[in-house]
>>> print(open('start-v3.txt').read())   # compact mmCIF, C-alpha atoms and all ligand atoms
# COMPACT_ATOMS: atom_id res chain seq x y z
CA MET A 1 -19.52 23.74 -3.18
CA ASP A 2 -18.63 21.47 -0.26
CA THR A 3 -14.96 20.85 -1.12
CA TYR A 4 -13.31 17.84 0.55
CA LEU A 5 -9.83 18.28 -0.88
CA GLU A 6 -7.92 19.76 -3.80
CA THR A 7 -4.89 18.51 -5.70
CA GLU A 8 -2.95 20.14 -8.50
CA ARG A 9 -5.51 19.09 -11.11
CA LEU A 10 -8.53 17.83 -9.14
CA VAL A 11 -11.23 19.11 -6.83
CA LEU A 12 -13.06 16.55 -4.70
CA ARG A 13 -16.39 17.60 -3.22
CA ARG A 14 -19.28 16.01 -1.40
CA PHE A 15 -22.10 14.76 -3.59
CA THR A 16 -25.52 16.40 -3.21
CA ALA A 17 -29.07 15.18 -3.79
CA GLY A 18 -28.94 16.91 -7.19
CA ASP A 19 -26.15 14.71 -8.57
CA THR A 20 -28.22 11.76 -9.82
CA ASP A 21 -27.55 12.49 -13.50
CA LEU A 22 -23.76 12.53 -13.02
CA LEU A 23 -23.82 9.11 -11.34
CA VAL A 24 -26.24 7.66 -13.89
CA GLU A 25 -24.00 8.77 -16.74
CA LEU A 26 -20.85 7.41 -15.07
CA ASP A 27 -22.42 4.02 -14.38
CA SER A 28 -24.01 3.79 -17.83
CA ASP A 29 -20.68 2.95 -19.52
CA ALA A 30 -20.31 -0.85 -19.63
CA GLU A 31 -16.53 -0.47 -19.86
CA VAL A 32 -16.47 1.54 -16.61
CA MET A 33 -18.63 -1.14 -14.95
CA ARG A 34 -16.73 -4.10 -16.43
CA TYR A 35 -15.03 -5.20 -13.18
CA LEU A 36 -17.77 -3.90 -10.85
CA THR A 37 -21.18 -5.26 -11.78
CA GLY A 38 -20.59 -5.81 -15.48
CA GLU A 39 -23.62 -3.70 -16.43
CA PRO A 40 -25.00 -0.17 -16.15
CA THR A 41 -26.61 0.74 -12.84
CA PRO A 42 -30.35 1.50 -13.32
CA ARG A 43 -31.36 5.11 -12.62
CA ALA A 44 -33.88 3.93 -10.01
CA GLU A 45 -31.11 2.17 -8.08
CA ILE A 46 -28.98 5.33 -8.11
CA GLU A 47 -31.92 7.45 -6.96
CA GLN A 48 -33.17 5.08 -4.29
CA LYS A 49 -30.01 3.38 -3.03
CA VAL A 50 -26.62 4.56 -4.34
CA LEU A 51 -26.96 8.31 -3.81
CA PRO A 52 -28.94 8.11 -0.54
CA GLU A 53 -26.26 5.79 0.88
CA ILE A 54 -23.49 8.19 -0.17
CA LEU A 55 -25.30 11.10 1.51
CA ALA A 56 -26.07 9.06 4.65
CA ARG A 57 -22.39 8.15 5.05
CA TYR A 58 -21.49 11.86 5.37
CA GLU A 59 -23.68 11.90 8.48
CA THR A 60 -22.27 8.75 10.11
CA HIS A 61 -18.64 9.35 9.06
CA PRO A 62 -18.14 13.10 8.39
CA ASP A 63 -14.45 12.68 7.45
CA LEU A 64 -15.01 9.82 5.02
CA GLY A 65 -17.23 8.89 2.08
CA THR A 66 -17.57 9.07 -1.68
CA PHE A 67 -16.57 12.35 -3.34
CA ALA A 68 -17.30 13.77 -6.79
CA ALA A 69 -14.10 14.59 -8.68
CA HIS A 70 -13.87 17.59 -11.01
CA GLU A 71 -11.06 18.85 -13.20
CA GLN A 72 -9.64 22.03 -11.67
CA SER A 73 -9.09 23.74 -15.02
CA THR A 74 -12.52 23.11 -16.60
CA GLY A 75 -14.85 22.10 -13.76
CA GLN A 76 -15.72 18.97 -15.73
CA PHE A 77 -17.07 16.02 -13.70
CA LEU A 78 -14.56 13.17 -13.92
CA GLY A 79 -16.05 10.53 -11.63
CA TRP A 80 -15.57 9.78 -7.95
CA PHE A 81 -13.07 8.76 -5.29
CA GLY A 82 -13.97 7.06 -2.03
CA LEU A 83 -12.42 6.71 1.40
CA GLN A 84 -14.58 4.28 3.35
CA PRO A 85 -14.56 2.83 6.86
CA THR A 86 -13.81 -0.88 7.26
CA SER A 87 -14.52 -3.38 10.03
CA GLU A 88 -11.00 -2.68 11.39
CA ALA A 89 -10.65 0.46 13.51
CA GLY A 90 -7.94 2.71 12.07
CA THR A 91 -8.17 1.13 8.60
CA VAL A 92 -9.91 2.78 5.65
CA ASP A 93 -10.55 1.55 2.13
CA VAL A 94 -9.72 3.73 -0.89
CA GLY A 95 -11.50 3.40 -4.26
CA TYR A 96 -12.18 5.24 -7.52
CA ARG A 97 -14.40 5.25 -10.60
CA LEU A 98 -13.72 7.63 -13.48
CA ASN A 99 -15.43 8.40 -16.78
CA ARG A 100 -13.62 6.73 -19.66
CA SER A 101 -12.79 10.11 -21.19
CA ALA A 102 -10.70 10.84 -18.07
CA TRP A 103 -8.65 7.62 -18.11
CA GLY A 104 -4.94 7.50 -18.86
CA ARG A 105 -4.04 10.96 -17.54
CA GLY A 106 -2.91 9.94 -14.08
CA TYR A 107 -6.01 11.35 -12.40
CA ALA A 108 -6.80 8.13 -10.50
CA THR A 109 -3.28 8.03 -9.11
CA GLU A 110 -3.33 11.72 -8.17
CA GLY A 111 -6.65 11.46 -6.34
CA THR A 112 -5.75 8.23 -4.58
CA ARG A 113 -2.45 9.64 -3.31
CA ALA A 114 -4.28 12.67 -1.93
CA LEU A 115 -6.80 10.47 -0.11
CA ILE A 116 -4.05 8.31 1.40
CA ASP A 117 -2.30 11.48 2.51
CA ARG A 118 -5.53 12.71 4.11
CA ALA A 119 -6.07 9.37 5.86
CA PHE A 120 -2.64 9.40 7.50
CA ASN A 121 -1.92 13.09 8.00
CA GLU A 122 -5.33 14.42 9.00
CA LEU A 123 -7.49 11.48 10.01
CA GLY A 124 -4.89 9.63 12.08
CA MET A 125 -5.43 6.31 10.31
CA ALA A 126 -3.00 3.42 10.73
CA ARG A 127 -3.60 1.63 7.44
CA VAL A 128 -5.17 2.21 4.01
CA ILE A 129 -6.31 -0.75 1.92
CA ALA A 130 -7.79 -1.22 -1.55
CA ASP A 131 -9.14 -4.21 -3.41
CA THR A 132 -10.21 -5.11 -6.90
CA MET A 133 -10.61 -8.10 -9.22
CA ALA A 134 -7.22 -9.65 -9.98
CA VAL A 135 -7.84 -9.08 -13.71
CA ASN A 136 -8.44 -5.31 -13.27
CA MET A 137 -4.87 -4.41 -14.25
CA LYS A 138 -5.53 -0.66 -14.62
CA SER A 139 -6.81 -0.46 -11.07
CA ARG A 140 -3.92 -2.56 -9.71
CA ARG A 141 -1.46 -0.27 -11.48
CA VAL A 142 -3.09 2.77 -9.87
CA MET A 143 -2.78 1.13 -6.45
CA VAL A 144 0.95 0.55 -6.91
CA LYS A 145 1.57 4.03 -8.34
CA ALA A 146 -0.29 5.51 -5.36
CA GLY A 147 2.03 3.70 -2.92
CA LEU A 148 -0.06 0.66 -1.97
CA ARG A 149 1.59 -2.77 -2.02
CA PHE A 150 0.18 -6.22 -2.83
CA VAL A 151 -1.03 -8.08 0.28
CA ARG A 152 -3.03 -11.11 -0.83
CA LEU A 153 -5.07 -12.89 -3.45
CA PHE A 154 -8.42 -14.20 -2.20
CA HIS A 155 -11.55 -15.77 -3.59
CA VAL A 156 -15.15 -14.71 -3.00
CA HIS A 157 -18.19 -16.72 -3.98
CA PHE A 158 -20.65 -14.92 -6.27
CA ASP A 159 -23.92 -16.50 -7.45
CA ASP A 160 -23.60 -14.68 -10.77
CA PRO A 161 -19.81 -14.15 -11.22
CA LEU A 162 -18.29 -11.71 -13.68
CA PRO A 163 -15.86 -13.00 -16.31
CA GLY A 164 -12.46 -13.13 -14.59
CA THR A 165 -13.83 -13.86 -11.12
CA GLU A 166 -12.09 -17.24 -11.31
CA TYR A 167 -8.74 -15.42 -10.99
CA GLY A 168 -9.84 -14.01 -7.63
CA GLU A 169 -9.68 -10.63 -5.90
CA VAL A 170 -6.55 -8.80 -4.78
CA GLU A 171 -5.91 -6.63 -1.75
CA TYR A 172 -3.29 -3.89 -1.60
CA ALA A 173 -2.36 -1.83 1.46
CA ILE A 174 0.01 0.66 3.02
CA ASP A 175 0.72 1.27 6.70
CA ARG A 176 1.40 4.64 8.27
CA SER A 177 5.07 3.75 8.88
CA ALA A 178 5.67 2.92 5.22
CA TRP A 179 3.86 6.07 4.09
CA GLU A 180 5.93 8.25 6.43
CA ALA A 181 9.13 6.56 5.22
CA GLY A 182 8.10 7.34 1.64
CA LEU A 183 8.14 3.68 0.64
C1 LIG B 1 -9.08 2.19 -12.78
C2 LIG B 1 -9.21 3.63 -13.30
C3 LIG B 1 -9.74 4.52 -12.19
C4 LIG B 1 -7.82 4.09 -13.76
O1 LIG B 1 -7.91 5.48 -14.05
P1 LIG B 1 -6.77 6.29 -14.80
O2 LIG B 1 -7.01 7.73 -14.52
O3 LIG B 1 -6.68 5.85 -16.21
O4 LIG B 1 -5.48 5.81 -14.05
P2 LIG B 1 -4.04 6.38 -14.21
O5 LIG B 1 -3.93 7.18 -15.48
O6 LIG B 1 -3.69 7.08 -12.93
O7 LIG B 1 -3.15 5.04 -14.31
C5 LIG B 1 -3.53 3.96 -15.12
C6 LIG B 1 -2.31 3.04 -15.21
O8 LIG B 1 -2.71 1.73 -15.58
C7 LIG B 1 -1.87 1.29 -16.63
N1 LIG B 1 -2.59 0.29 -17.38
C8 LIG B 1 -3.62 0.46 -18.23
N2 LIG B 1 -4.01 -0.74 -18.74
C9 LIG B 1 -3.19 -1.68 -18.19
C10 LIG B 1 -3.06 -3.07 -18.31
N3 LIG B 1 -3.90 -3.78 -19.09
N4 LIG B 1 -2.11 -3.71 -17.62
C11 LIG B 1 -1.28 -3.03 -16.80
N5 LIG B 1 -1.34 -1.69 -16.64
C12 LIG B 1 -2.29 -1.02 -17.32
C13 LIG B 1 -1.60 2.55 -17.39
O9 LIG B 1 -0.47 2.38 -18.25
C14 LIG B 1 -1.31 3.52 -16.24
O10 LIG B 1 -0.03 3.27 -15.70
P3 LIG B 1 1.25 4.13 -16.15
O11 LIG B 1 0.96 5.56 -15.77
O12 LIG B 1 2.35 3.53 -15.36
O13 LIG B 1 1.39 3.97 -17.62
C15 LIG B 1 -10.20 3.72 -14.46
O14 LIG B 1 -9.77 2.83 -15.44
C16 LIG B 1 -11.62 3.38 -14.05
O15 LIG B 1 -12.35 4.23 -13.56
N6 LIG B 1 -12.05 2.13 -14.32
C17 LIG B 1 -13.43 1.72 -14.06
C18 LIG B 1 -13.76 1.61 -12.60
C19 LIG B 1 -12.87 0.65 -11.87
O16 LIG B 1 -12.54 -0.42 -12.36
N7 LIG B 1 -12.50 1.07 -10.66
C20 LIG B 1 -11.66 0.28 -9.80
C21 LIG B 1 -12.48 -0.74 -9.13
S1 LIG B 1 -11.62 -1.36 -7.72
>>> encode(input="start-v3.txt", output="structure tokens", more="lines below")
Ligand SMILES: CC(C)(COP(=O)(O)OP(=O)(O)OC[C@H]1O[C@@H](n2cnc3c(N)ncnc32)[C@H](O)[C@@H]1OP(=O)(O)O)[C@@H](O)C(=O)NCCC(=O)NCCS
Amino acid sequence: MDTYLETERLVLRRFTAGDTDLLVELDSDAEVMRYLTGEPTPRAEIEQKVLPEILARYETHPDLGTFAAHEQSTGQFLGWFGLQPTSEAGTVDVGYRLNRSAWGRGYATEGTRALIDRAFNELGMARVIADTMAVNMKSRRVMVKAGLRFVRLFHVHFDDPLPGTEYGEVEYAIDRSAWEAGL
């Protein structure tokens, strides 16, 4: 297994070409997809676009990407965490998507903290950001618990907007100095 990082309860590893079924199952829950696309992702899209793009990113950005998360104690697949490049040098974007059965146990917070730690301590990043729909309160709570702070509310035009889009998107962030100060 190509382990990216471990926390007390989680193992994050690189996805492989054999992981289609895990991603299809994760994206098949409408509640998981509620603030993302609002609908399950078709298997063909995962096979032809989602997974190939995840694998390609490991080549272009070997320290970053989307990583499968497993429970240390059982090996069970929980979902994924991502640490992605942005258009700003020195700034990365953190994200997460977990199976509903894994919600409410602090896993998203634990994984996000570990990725922020990796970004600052090992990758030399200056800033970590995250964004979500303003109405995605669970995700916003995870951002705050992981140390990110509210930056701005902004609006994006979508041709086919999800319910709640009218409330906008939110960005959260933390700089290296704040992370080092334990803020
Ligand atoms: C967002 C997500 C990763 C959270 O995972 P999780 O493992 O349940 O997160 P945690 O257990 O670490 O924390 C959830 C927090 O949100 C809080 N929360 C839940 N519903 C809430 C609400 N409606 N309003 C405010 N806070 C809420 C919980 O109480 C908990 O905080 P607490 O520990 O202070 O009580 C998970 O819900 C998910 O995968 N959702 C679908 C994908 C998604 O939306 N990803 C984010 C897109 S940017």
>>> residues_near_point(input="start-v3.txt", point="(-29.5, 8.4, -15.4)", cutoff="9 Å", atoms="all atoms listed in the file", output="MDAnalysis selection string")
chainID A and resid 20:28 41:44 46:47
>>> closest_residue(input="start-v3.txt", among="A:Thr109, A:Thr3, A:Gln72, A:Ser87", to="Lys145 (chain A)", atoms="all atoms listed in the file")
A:Thr109
>>> residues_near_ligand(input="start-v3.txt", ligand="ligand LIG 1 (chain B)", cutoff="10 Å", atoms="all atoms listed in the file", output="PyMOL selection string")
chain A and resi 26-27+29-37+78-81+94-112+130-146+169-171
>>> closest_residue(input="start-v3.txt", among="A:Asp19, A:Asp159, A:Glu180, A:Glu59", to="Asp117 (chain A)", atoms="only C-alpha atoms")
A:Glu180
>>> closest_atom_pairs(input="start-v3.txt", of="region 28-145 of chain A", to="region 4-12 of chain A", cutoff="6 Å", atoms="all atoms listed in the file", output="tab-separated table")
residue	atom	partner	partner_atom	distance
A:Phe67	CA	A:Leu12	CA	5.6
A:Ala68	CA	A:Leu12	CA	5.5
A:Ala69	CA	A:Leu12	CA	4.6
A:His70	CA	A:Val11	CA	5.2
A:Glu71	CA	A:Leu10	CA	4.9
A:Gln72	CA	A:Leu10	CA	5.0
>>> build_atoms(input="start-v3.txt", residues="region 30-58 of chain A", atoms="N, CA and C atoms", output="PDB file, in the coordinates of the input")
ATOM      1  N   ALA A  30     -20.592   0.550 -19.973  1.00  0.00           N
ATOM      2  CA  ALA A  30     -20.310  -0.850 -19.630  1.00  0.00           C
ATOM      3  C   ALA A  30     -18.829  -1.081 -19.388  1.00  0.00           C
ATOM      4  N   GLU A  31     -17.971  -0.299 -20.042  1.00  0.00           N
ATOM      5  CA  GLU A  31     -16.530  -0.470 -19.860  1.00  0.00           C
ATOM      6  C   GLU A  31     -16.108   0.003 -18.463  1.00  0.00           C
ATOM      7  N   VAL A  32     -16.736   1.074 -17.978  1.00  0.00           N
ATOM      8  CA  VAL A  32     -16.470   1.540 -16.610  1.00  0.00           C
ATOM      9  C   VAL A  32     -16.914   0.473 -15.603  1.00  0.00           C
ATOM     10  N   MET A  33     -18.033  -0.187 -15.896  1.00  0.00           N
ATOM     11  CA  MET A  33     -18.630  -1.140 -14.950  1.00  0.00           C
ATOM     12  C   MET A  33     -18.104  -2.568 -15.110  1.00  0.00           C
ATOM     13  N   ARG A  34     -17.185  -2.750 -16.055  1.00  0.00           N
ATOM     14  CA  ARG A  34     -16.730  -4.100 -16.430  1.00  0.00           C
ATOM     15  C   ARG A  34     -16.300  -4.962 -15.243  1.00  0.00           C
ATOM     16  N   TYR A  35     -15.535  -4.408 -14.316  1.00  0.00           N
ATOM     17  CA  TYR A  35     -15.030  -5.200 -13.180  1.00  0.00           C
ATOM     18  C   TYR A  35     -15.813  -4.906 -11.905  1.00  0.00           C
ATOM     19  N   LEU A  36     -16.979  -4.278 -12.036  1.00  0.00           N
ATOM     20  CA  LEU A  36     -17.770  -3.900 -10.850  1.00  0.00           C
ATOM     21  C   LEU A  36     -19.050  -4.735 -10.801  1.00  0.00           C
ATOM     22  N   THR A  37     -19.984  -4.411 -11.682  1.00  0.00           N
ATOM     23  CA  THR A  37     -21.180  -5.260 -11.780  1.00  0.00           C
ATOM     24  C   THR A  37     -21.327  -5.842 -13.175  1.00  0.00           C
ATOM     25  N   GLY A  38     -20.535  -5.312 -14.114  1.00  0.00           N
ATOM     26  CA  GLY A  38     -20.590  -5.810 -15.480  1.00  0.00           C
ATOM     27  C   GLY A  38     -21.707  -5.200 -16.299  1.00  0.00           C
ATOM     28  N   GLU A  39     -22.494  -4.299 -15.689  1.00  0.00           N
ATOM     29  CA  GLU A  39     -23.620  -3.700 -16.430  1.00  0.00           C
ATOM     30  C   GLU A  39     -23.947  -2.324 -15.867  1.00  0.00           C
ATOM     31  N   PRO A  40     -24.617  -1.490 -16.656  1.00  0.00           N
ATOM     32  CA  PRO A  40     -25.000  -0.170 -16.150  1.00  0.00           C
ATOM     33  C   PRO A  40     -25.871  -0.270 -14.910  1.00  0.00           C
ATOM     34  N   THR A  41     -25.758   0.704 -14.030  1.00  0.00           N
ATOM     35  CA  THR A  41     -26.610   0.740 -12.840  1.00  0.00           C
ATOM     36  C   THR A  41     -27.916   1.454 -13.208  1.00  0.00           C
ATOM     37  N   PRO A  42     -29.076   0.842 -12.979  1.00  0.00           N
ATOM     38  CA  PRO A  42     -30.350   1.500 -13.320  1.00  0.00           C
ATOM     39  C   PRO A  42     -30.518   2.830 -12.563  1.00  0.00           C
ATOM     40  N   ARG A  43     -31.126   3.802 -13.247  1.00  0.00           N
ATOM     41  CA  ARG A  43     -31.360   5.110 -12.620  1.00  0.00           C
ATOM     42  C   ARG A  43     -32.099   4.970 -11.287  1.00  0.00           C
ATOM     43  N   ALA A  44     -33.098   4.083 -11.249  1.00  0.00           N
ATOM     44  CA  ALA A  44     -33.880   3.930 -10.010  1.00  0.00           C
ATOM     45  C   ALA A  44     -32.996   3.492  -8.854  1.00  0.00           C
ATOM     46  N   GLU A  45     -32.001   2.647  -9.149  1.00  0.00           N
ATOM     47  CA  GLU A  45     -31.110   2.170  -8.080  1.00  0.00           C
ATOM     48  C   GLU A  45     -30.218   3.328  -7.588  1.00  0.00           C
ATOM     49  N   ILE A  46     -29.799   4.178  -8.516  1.00  0.00           N
ATOM     50  CA  ILE A  46     -28.980   5.330  -8.110  1.00  0.00           C
ATOM     51  C   ILE A  46     -29.802   6.291  -7.266  1.00  0.00           C
ATOM     52  N   GLU A  47     -31.050   6.521  -7.693  1.00  0.00           N
ATOM     53  CA  GLU A  47     -31.920   7.450  -6.960  1.00  0.00           C
ATOM     54  C   GLU A  47     -32.295   6.925  -5.582  1.00  0.00           C
ATOM     55  N   GLN A  48     -32.587   5.631  -5.520  1.00  0.00           N
ATOM     56  CA  GLN A  48     -33.170   5.080  -4.290  1.00  0.00           C
ATOM     57  C   GLN A  48     -32.153   4.452  -3.352  1.00  0.00           C
ATOM     58  N   LYS A  49     -30.964   4.101  -3.885  1.00  0.00           N
ATOM     59  CA  LYS A  49     -30.010   3.380  -3.030  1.00  0.00           C
ATOM     60  C   LYS A  49     -28.615   4.027  -3.055  1.00  0.00           C
ATOM     61  N   VAL A  50     -28.027   4.137  -4.259  1.00  0.00           N
ATOM     62  CA  VAL A  50     -26.620   4.560  -4.340  1.00  0.00           C
ATOM     63  C   VAL A  50     -26.420   5.955  -3.762  1.00  0.00           C
ATOM     64  N   LEU A  51     -27.160   6.936  -4.276  1.00  0.00           N
ATOM     65  CA  LEU A  51     -26.960   8.310  -3.810  1.00  0.00           C
ATOM     66  C   LEU A  51     -27.406   8.510  -2.362  1.00  0.00           C
ATOM     67  N   PRO A  52     -28.572   7.975  -1.959  1.00  0.00           N
ATOM     68  CA  PRO A  52     -28.940   8.110  -0.540  1.00  0.00           C
ATOM     69  C   PRO A  52     -27.894   7.518   0.398  1.00  0.00           C
ATOM     70  N   GLU A  53     -27.278   6.398   0.004  1.00  0.00           N
ATOM     71  CA  GLU A  53     -26.260   5.790   0.880  1.00  0.00           C
ATOM     72  C   GLU A  53     -25.005   6.667   0.946  1.00  0.00           C
ATOM     73  N   ILE A  54     -24.647   7.274  -0.184  1.00  0.00           N
ATOM     74  CA  ILE A  54     -23.490   8.190  -0.170  1.00  0.00           C
ATOM     75  C   ILE A  54     -23.769   9.353   0.775  1.00  0.00           C
ATOM     76  N   LEU A  55     -24.956   9.934   0.677  1.00  0.00           N
ATOM     77  CA  LEU A  55     -25.300  11.100   1.510  1.00  0.00           C
ATOM     78  C   LEU A  55     -25.392  10.695   2.988  1.00  0.00           C
ATOM     79  N   ALA A  56     -25.926   9.521   3.256  1.00  0.00           N
ATOM     80  CA  ALA A  56     -26.070   9.060   4.650  1.00  0.00           C
ATOM     81  C   ALA A  56     -24.697   8.854   5.295  1.00  0.00           C
ATOM     82  N   ARG A  57     -23.737   8.411   4.499  1.00  0.00           N
ATOM     83  CA  ARG A  57     -22.390   8.150   5.050  1.00  0.00           C
ATOM     84  C   ARG A  57     -21.734   9.444   5.542  1.00  0.00           C
ATOM     85  N   TYR A  58     -22.054  10.576   4.904  1.00  0.00           N
ATOM     86  CA  TYR A  58     -21.490  11.860   5.370  1.00  0.00           C
ATOM     87  C   TYR A  58     -21.945  12.164   6.803  1.00  0.00           C
TER      88      TYR A  58
END
